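All remarks here apply to the structure that follows.
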Amino acid sequence: MSEQTSPQPTTHLGRTGVEVSRLALGTMMFGDWGNRDHDDSIRVIHRAIDAGINFIDTADIYSFGESEEIVGKAIVGKRDDLVIATKFFNGMKQQPNYRGGSRRWIIRALEDSLRRLGTDYIDLYQMHRPDEHTDIDESLGALSDLVTQGKVRYIGSSTFQPSQVVEAQWSARQNHTARFVTEQPPYSMLARGIEADLLPTTLRHGMGTLVWSPLAGGWLSGKFRAGQDLPTTHRSDRDPGRYDLSKPGIAAKFGAADKLGALADDLGVPLVHLALAFVLRHPGVTSAIIGPRTMEQLESQLDAASLELSTETLDRIDEIVPPGTNLNPDDAGFTNYWLEAARRRR
């Protein structure tokens, strides 16, 4: 079986008319959480831009602002050619009111991000998680004001559940505010849960969908194969519990990663390319966010968006991981706080 390649594609960001590369550069690994060498991180960003990636995604919480600062240095003289996305929500300080979706914090967080990025506007400003303590009307009202002021071009959500996506769309229409034009969920060959409801929901609402962790936190790097010791990686050092094979969900991921690696071998392509091409094949996916820490990791992913997968290949993937299935429930990216015992047992 052979796969065909084609030139690096671009697409439109939902119904905005903005054109973005199908691979977006995620920057979580630049700074204290990953590559602490700013100059080297900037070289990686510049290589991605030179390769045709015009979409850069970051967040205030990544290395507590350091990632945004690195991106800010890297885009000097290149800003007008790029679509810059960042996020707010997670706590930036221990004190109250430095997190969440309140008007107070959104306005403060945006000003901080603008300063760190060295720009006067954000192309896509995203709410990193839903906020159970704040009405979505409040968050959308504040974000809409920032759009009106020209500090933000578009707004989006990240890791919202389908019902929360719909509620936000309804709120925007009801209150005549700016609406979320994108959603950013986790999606990979090992975590396919969003196929069941979220992707159909974003398609119905004309939203762009930017998927994170398409390599499943390194599980689809090609290093996890049967008969070999588990590799030691930067991610496993930071969070060893997510690589504990005594847990059923993680053991299932290991078995599937090995079978997917064998499939990639049969096709004569790197597993990394197969993984990225798979998520981009879904009609509801706009861009896949890659998160390299090093130049080598970036280079290994750059050509993946041009790989075309046959129907036979997609069928074989479905046999290994059924559609709409998360092999490990923890990979959903969202912890349902309403199932906590204290909320169920009143």
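Naming works like this for the structure tokens: A, B, ... for the chains as they're shown, residue 1 at the start of each chain, ligands 1 onward in shown order.
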
Per-residue nearest contacts of stretch 131-201 of chain A to stretch 275-292 of chain A (10 Å; only C-alpha atoms) as JSON lines:
{"residue": "A:Thr182", "atom": "CA", "partner": "A:Thr286", "partner_atom": "CA", "distance": 9.2}
{"residue": "A:Glu183", "atom": "CA", "partner": "A:Val285", "partner_atom": "CA", "distance": 9.9}
{"residue": "A:Gln184", "atom": "CA", "partner": "A:Ile289", "partner_atom": "CA", "distance": 9.3}
{"residue": "A:Pro186", "atom": "CA", "partner": "A:Ile289", "partner_atom": "CA", "distance": 9.7}
{"residue": "A:Tyr187", "atom": "CA", "partner": "A:Val279", "partner_atom": "CA", "distance": 7.0}
{"residue": "A:Ser188", "atom": "CA", "partner": "A:Val279", "partner_atom": "CA", "distance": 6.2}
{"residue": "A:Met189", "atom": "CA", "partner": "A:Ala275", "partner_atom": "CA", "distance": 6.4}
{"residue": "A:Leu190", "atom": "CA", "partner": "A:Ala275", "partner_atom": "CA", "distance": 9.3}
{"residue": "A:Arg192", "atom": "CA", "partner": "A:Val279", "partner_atom": "CA", "distance": 9.2}
{"residue": "A:Glu195", "atom": "CA", "partner": "A:His282", "partner_atom": "CA", "distance": 8.8}
{"residue": "A:Leu198", "atom": "CA", "partner": "A:Gly284", "partner_atom": "CA", "distance": 9.4}
{"residue": "A:Leu199", "atom": "CA", "partner": "A:Gly284", "partner_atom": "CA", "distance": 5.7}
{"residue": "A:Pro200", "atom": "CA", "partner": "A:Gly284", "partner_atom": "CA", "distance": 7.2}
{"residue": "A:Thr201", "atom": "CA", "partner": "A:Gly284", "partner_atom": "CA", "distance": 9.2}

Take the residues from that selection and write them out as a short mmCIF file (atom, residue, chain, number, x, y, z; two decimals), in the first residue's frame, keeping N, CA, C and O atoms.
data_model
loop_
_atom_site.label_atom_id
_atom_site.label_comp_id
_atom_site.auth_asym_id
_atom_site.auth_seq_id
_atom_site.Cartn_x
_atom_site.Cartn_y
_atom_site.Cartn_z
N THR A 182 -13.70 29.50 17.15
CA THR A 182 -12.88 28.28 17.15
C THR A 182 -13.06 27.54 18.47
O THR A 182 -13.44 28.11 19.49
N GLU A 183 -12.74 26.26 18.43
CA GLU A 183 -12.63 25.43 19.62
C GLU A 183 -11.32 24.65 19.51
O GLU A 183 -10.91 24.26 18.41
N GLN A 184 -10.66 24.43 20.65
CA GLN A 184 -9.36 23.74 20.67
C GLN A 184 -9.42 22.54 21.61
O GLN A 184 -9.21 22.68 22.81
N PRO A 186 -8.41 18.21 22.55
CA PRO A 186 -7.40 17.19 22.28
C PRO A 186 -7.93 16.18 21.27
O PRO A 186 -9.11 15.84 21.28
N TYR A 187 -7.05 15.69 20.39
CA TYR A 187 -7.48 14.73 19.37
C TYR A 187 -6.26 14.01 18.83
O TYR A 187 -5.26 14.64 18.47
N SER A 188 -6.35 12.69 18.79
CA SER A 188 -5.27 11.87 18.22
C SER A 188 -5.84 10.51 17.86
O SER A 188 -7.02 10.21 18.16
N MET A 189 -5.03 9.67 17.26
CA MET A 189 -5.47 8.31 16.95
C MET A 189 -5.76 7.51 18.22
O MET A 189 -6.46 6.51 18.16
N LEU A 190 -5.21 7.93 19.36
CA LEU A 190 -5.44 7.23 20.62
C LEU A 190 -6.54 7.87 21.46
O LEU A 190 -7.03 7.26 22.41
N ARG A 192 -9.94 9.65 20.48
CA ARG A 192 -10.85 9.99 19.40
C ARG A 192 -12.23 10.40 19.92
O ARG A 192 -13.20 10.46 19.16
N GLU A 195 -14.81 12.85 18.18
CA GLU A 195 -15.50 12.50 16.94
C GLU A 195 -17.00 12.26 17.19
O GLU A 195 -17.81 12.43 16.28
N LEU A 198 -18.37 16.47 19.71
CA LEU A 198 -17.78 17.80 19.62
C LEU A 198 -17.53 18.23 18.18
O LEU A 198 -17.91 19.34 17.77
N LEU A 199 -16.87 17.39 17.39
CA LEU A 199 -16.59 17.78 16.01
C LEU A 199 -17.86 18.01 15.19
O LEU A 199 -17.94 18.99 14.45
N PRO A 200 -18.89 17.16 15.31
CA PRO A 200 -20.14 17.49 14.63
C PRO A 200 -20.74 18.82 15.10
O PRO A 200 -21.33 19.56 14.31
N THR A 201 -20.56 19.14 16.38
CA THR A 201 -21.09 20.39 16.92
C THR A 201 -20.37 21.60 16.35
O THR A 201 -21.00 22.58 15.93
#

(request) Just list the residues in stretch 22-164 of chain A DSSP gives strand (DSSP E or B) on the backbone, as a PyMOL selection string. (result) chain A and resi 23-26+30+35+55-57+83-88+122-127+152-158

(message) Need to verify the contact set: A:Lys223, 10 Å, only C-alpha atoms, exclusion of same-chain residues closer than 2 positions in sequence. Can you return it as a list in words?
(response)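 Skipping anything fewer than 2 positions along the chain leaves Gly218, Trp219, Leu220, Ser221, Arg225, Ala226, Gln228, Asp229, Leu230, Pro231, Thr232, Thr233, Ala257, Asp258, Gly261 and Leu271 of chain A.
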
Write out the residues from the selection above, keeping C-alpha atoms, as an mmCIF file, in the first residue's frame.
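Saved as selection.cif:
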data_model
loop_
_atom_site.group_PDB
_atom_site.id
_atom_site.type_symbol
_atom_site.label_atom_id
_atom_site.label_comp_id
_atom_site.auth_asym_id
_atom_site.auth_seq_id
_atom_site.Cartn_x
_atom_site.Cartn_y
_atom_site.Cartn_z
ATOM 1 C CA GLY A 218 4.570 11.462 22.594
ATOM 2 C CA TRP A 219 2.832 8.066 22.501
ATOM 3 C CA LEU A 220 2.661 8.363 18.701
ATOM 4 C CA SER A 221 6.300 9.378 18.272
ATOM 5 C CA ARG A 225 6.880 -0.414 20.747
ATOM 6 C CA ALA A 226 6.321 -3.877 22.175
ATOM 7 C CA GLN A 228 11.251 -2.507 24.090
ATOM 8 C CA ASP A 229 11.660 -0.673 27.358
ATOM 9 C CA LEU A 230 9.495 2.378 27.767
ATOM 10 C CA PRO A 231 11.521 5.366 26.599
ATOM 11 C CA THR A 232 12.439 8.132 28.985
ATOM 12 C CA THR A 233 11.185 11.413 27.555
ATOM 13 C CA ALA A 257 0.604 2.636 19.771
ATOM 14 C CA ASP A 258 2.550 -0.521 18.944
ATOM 15 C CA GLY A 261 3.603 1.817 14.648
ATOM 16 C CA LEU A 271 4.300 7.144 12.703
#

(message) Just checking: using only C-alpha atoms, which residue out of A:Gln174, A:Ser246, A:Ser213, A:Ser306 ends up closest to A:Ser21?
(response) A:Ser306

(request) Assign secondary structure with DSSP using the backbone only, and return the residues of stretch 2-107 of chain A in helix (DSSP H, G or I) as an MDAnalysis selection string. (result) chainID A and resid 38:50 62:74 79:81 103:107

Can you spit out the residues from that selection as a PDB file, in the first residue's frame, using C-alpha atoms?
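Writing the result to part35.pdb gives the following:
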ATOM      1  CA  HIS A  38      15.500  31.342  24.226  1.00  0.00           C
ATOM      2  CA  ASP A  39      17.769  31.687  21.209  1.00  0.00           C
ATOM      3  CA  ASP A  40      17.314  28.041  20.272  1.00  0.00           C
ATOM      4  CA  SER A  41      13.537  28.294  20.747  1.00  0.00           C
ATOM      5  CA  ILE A  42      13.472  31.340  18.480  1.00  0.00           C
ATOM      6  CA  ARG A  43      15.408  29.420  15.842  1.00  0.00           C
ATOM      7  CA  VAL A  44      12.765  26.689  15.956  1.00  0.00           C
ATOM      8  CA  ILE A  45       9.993  29.270  15.548  1.00  0.00           C
ATOM      9  CA  HIS A  46      11.781  30.911  12.620  1.00  0.00           C
ATOM     10  CA  ARG A  47      12.281  27.530  10.936  1.00  0.00           C
ATOM     11  CA  ALA A  48       8.569  26.802  11.267  1.00  0.00           C
ATOM     12  CA  ILE A  49       7.702  30.167   9.725  1.00  0.00           C
ATOM     13  CA  ASP A  50      10.180  29.633   6.887  1.00  0.00           C
ATOM     14  CA  TYR A  62       2.930  28.273  29.401  1.00  0.00           C
ATOM     15  CA  SER A  63       5.999  28.643  31.611  1.00  0.00           C
ATOM     16  CA  PHE A  64       4.006  31.405  33.326  1.00  0.00           C
ATOM     17  CA  GLY A  65       4.397  33.940  30.524  1.00  0.00           C
ATOM     18  CA  GLU A  66       7.880  32.952  29.365  1.00  0.00           C
ATOM     19  CA  SER A  67       6.566  31.224  26.246  1.00  0.00           C
ATOM     20  CA  GLU A  68       4.731  34.390  25.192  1.00  0.00           C
ATOM     21  CA  GLU A  69       7.900  36.402  25.738  1.00  0.00           C
ATOM     22  CA  ILE A  70       9.874  34.032  23.485  1.00  0.00           C
ATOM     23  CA  VAL A  71       7.197  34.220  20.795  1.00  0.00           C
ATOM     24  CA  GLY A  72       7.239  38.001  21.095  1.00  0.00           C
ATOM     25  CA  LYS A  73      10.973  38.088  20.388  1.00  0.00           C
ATOM     26  CA  ALA A  74      10.632  35.654  17.494  1.00  0.00           C
ATOM     27  CA  ARG A  79       4.083  40.019  12.906  1.00  0.00           C
ATOM     28  CA  ASP A  80       1.917  41.107   9.976  1.00  0.00           C
ATOM     29  CA  ASP A  81       2.415  37.790   8.174  1.00  0.00           C
ATOM     30  CA  ARG A 103     -14.340  40.548  33.108  1.00  0.00           C
ATOM     31  CA  ARG A 104     -11.810  41.738  35.678  1.00  0.00           C
ATOM     32  CA  TRP A 105      -9.308  38.990  34.846  1.00  0.00           C
ATOM     33  CA  ILE A 106      -9.876  38.830  31.076  1.00  0.00           C
ATOM     34  CA  ILE A 107      -8.979  42.499  30.628  1.00  0.00           C
TER      35      ILE A 107
END

(message) Nearest residue to A:Glu19 out of A:Asp32, A:Asp112, A:Asp60, A:Asp123, using only C-alpha atoms?
(response)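 Of A:Asp32, A:Asp112, A:Asp60, A:Asp123, the one nearest A:Glu19, counting only C-alpha atoms, is A:Asp123.
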
(request) Tell me which protein, DNA and RNA residues are within 12 Å of A:Glu167, counting only C-alpha atoms, leaving out same-chain ones fewer than 2 positions away, and put them as number ranges by chain. (result) A: 130, 135-137, 140, 157, 160-165, 169-175, 179-180, 201, 205

Atoms to include: N, CA, C and O atoms. Write the selected residues as an mmCIF file, in the first residue's frame.
data_model
loop_
_atom_site.group_PDB
_atom_site.id
_atom_site.type_symbol
_atom_site.label_atom_id
_atom_site.label_comp_id
_atom_site.auth_asym_id
_atom_site.auth_seq_id
_atom_site.Cartn_x
_atom_site.Cartn_y
_atom_site.Cartn_z
ATOM 1 N N PRO A 130 -13.473 26.040 30.315
ATOM 2 C CA PRO A 130 -14.735 26.630 30.791
ATOM 3 C C PRO A 130 -14.620 26.989 32.268
ATOM 4 O O PRO A 130 -13.873 26.352 33.016
ATOM 5 N N ASP A 135 -20.659 33.224 34.601
ATOM 6 C CA ASP A 135 -21.599 33.116 33.490
ATOM 7 C C ASP A 135 -20.863 33.331 32.175
ATOM 8 O O ASP A 135 -20.040 34.249 32.052
ATOM 9 N N ILE A 136 -21.165 32.519 31.184
ATOM 10 C CA ILE A 136 -20.530 32.691 29.887
ATOM 11 C C ILE A 136 -20.894 34.045 29.286
ATOM 12 O O ILE A 136 -20.111 34.632 28.523
ATOM 13 N N ASP A 137 -22.062 34.590 29.669
ATOM 14 C CA ASP A 137 -22.440 35.935 29.202
ATOM 15 C C ASP A 137 -21.409 36.971 29.647
ATOM 16 O O ASP A 137 -21.071 37.892 28.892
ATOM 17 N N LEU A 140 -18.124 36.445 27.531
ATOM 18 C CA LEU A 140 -18.297 36.878 26.148
ATOM 19 C C LEU A 140 -18.483 38.389 26.049
ATOM 20 O O LEU A 140 -18.027 39.011 25.082
ATOM 21 N N SER A 157 -12.615 29.163 22.138
ATOM 22 C CA SER A 157 -12.639 28.393 23.380
ATOM 23 C C SER A 157 -11.651 27.240 23.261
ATOM 24 O O SER A 157 -11.175 26.919 22.171
ATOM 25 N N PHE A 160 -13.765 22.935 25.675
ATOM 26 C CA PHE A 160 -15.159 23.038 26.077
ATOM 27 C C PHE A 160 -15.882 21.751 25.672
ATOM 28 O O PHE A 160 -15.524 21.116 24.673
ATOM 29 N N GLN A 161 -16.887 21.373 26.436
ATOM 30 C CA GLN A 161 -17.721 20.236 26.065
ATOM 31 C C GLN A 161 -18.780 20.671 25.049
ATOM 32 O O GLN A 161 -19.095 21.863 24.945
ATOM 33 N N PRO A 162 -19.337 19.736 24.282
ATOM 34 C CA PRO A 162 -20.306 20.129 23.249
ATOM 35 C C PRO A 162 -21.438 21.007 23.770
ATOM 36 O O PRO A 162 -21.810 21.998 23.125
ATOM 37 N N SER A 163 -21.980 20.676 24.935
ATOM 38 C CA SER A 163 -23.072 21.500 25.472
ATOM 39 C C SER A 163 -22.586 22.909 25.800
ATOM 40 O O SER A 163 -23.339 23.885 25.648
ATOM 41 N N GLN A 164 -21.344 23.036 26.239
ATOM 42 C CA GLN A 164 -20.793 24.354 26.559
ATOM 43 C C GLN A 164 -20.523 25.153 25.285
ATOM 44 O O GLN A 164 -20.689 26.373 25.266
ATOM 45 N N VAL A 165 -20.117 24.467 24.225
ATOM 46 C CA VAL A 165 -19.945 25.133 22.928
ATOM 47 C C VAL A 165 -21.283 25.704 22.466
ATOM 48 O O VAL A 165 -21.379 26.864 22.044
ATOM 49 N N GLN A 169 -22.498 29.687 21.952
ATOM 50 C CA GLN A 169 -23.036 30.187 20.688
ATOM 51 C C GLN A 169 -24.406 30.827 20.903
ATOM 52 O O GLN A 169 -24.716 31.894 20.357
ATOM 53 N N TRP A 170 -25.225 30.180 21.713
ATOM 54 C CA TRP A 170 -26.562 30.721 22.006
ATOM 55 C C TRP A 170 -26.437 32.058 22.733
ATOM 56 O O TRP A 170 -27.158 33.020 22.409
ATOM 57 N N SER A 171 -25.544 32.134 23.725
ATOM 58 C CA SER A 171 -25.370 33.365 24.495
ATOM 59 C C SER A 171 -24.956 34.515 23.592
ATOM 60 O O SER A 171 -25.469 35.640 23.718
ATOM 61 N N ALA A 172 -24.028 34.257 22.678
ATOM 62 C CA ALA A 172 -23.552 35.315 21.781
ATOM 63 C C ALA A 172 -24.685 35.832 20.897
ATOM 64 O O ALA A 172 -24.819 37.052 20.685
ATOM 65 N N ARG A 173 -25.497 34.936 20.400
ATOM 66 C CA ARG A 173 -26.615 35.359 19.559
ATOM 67 C C ARG A 173 -27.668 36.102 20.373
ATOM 68 O O ARG A 173 -28.216 37.114 19.941
ATOM 69 N N GLN A 174 -27.951 35.588 21.554
ATOM 70 C CA GLN A 174 -28.975 36.190 22.412
ATOM 71 C C GLN A 174 -28.585 37.591 22.858
ATOM 72 O O GLN A 174 -29.430 38.495 22.920
ATOM 73 N N ASN A 175 -27.297 37.783 23.156
ATOM 74 C CA ASN A 175 -26.833 39.052 23.723
ATOM 75 C C ASN A 175 -26.105 39.935 22.706
ATOM 76 O O ASN A 175 -25.598 40.996 23.070
ATOM 77 N N ARG A 179 -18.813 36.012 19.086
ATOM 78 C CA ARG A 179 -18.965 34.589 19.384
ATOM 79 C C ARG A 179 -17.632 33.874 19.231
ATOM 80 O O ARG A 179 -16.731 34.348 18.540
ATOM 81 N N PHE A 180 -17.508 32.735 19.895
ATOM 82 C CA PHE A 180 -16.337 31.895 19.708
ATOM 83 C C PHE A 180 -16.349 31.368 18.270
ATOM 84 O O PHE A 180 -17.308 30.719 17.850
ATOM 85 N N THR A 201 -20.556 19.144 16.384
ATOM 86 C CA THR A 201 -21.094 20.395 16.921
ATOM 87 C C THR A 201 -20.374 21.603 16.346
ATOM 88 O O THR A 201 -21.001 22.583 15.927
ATOM 89 N N HIS A 205 -21.830 24.698 13.716
ATOM 90 C CA HIS A 205 -21.773 26.121 14.042
ATOM 91 C C HIS A 205 -20.722 26.872 13.223
ATOM 92 O O HIS A 205 -20.440 28.042 13.504
#

(message) Report, in Å to a single decimal, how far apart atom CA of A:Ala85 and atom CA of A:Ala59 are.
(response) 7.8 Å

(request) Return the single residue from A:Ala191, A:Leu82, A:Met207, A:Ala168 that is closest to A:Gly141, with distances computed using only C-alpha atoms. (result)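 Closest candidate: A:Ala168.
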
(message) Just the number, please: distance in Å from atom CA of A:Val166 to atom CA of A:Thr148, one decimal.
(response) 23.0 Å

(request) Measuring atom to atom with only C-alpha atoms, identify which of A:Phe224, A:Tyr154, A:Phe89, A:Trp212 is nearest to A:Asp331. (result)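 Ranking A:Phe224, A:Tyr154, A:Phe89, A:Trp212 by distance to A:Asp331, first place goes to A:Trp212.
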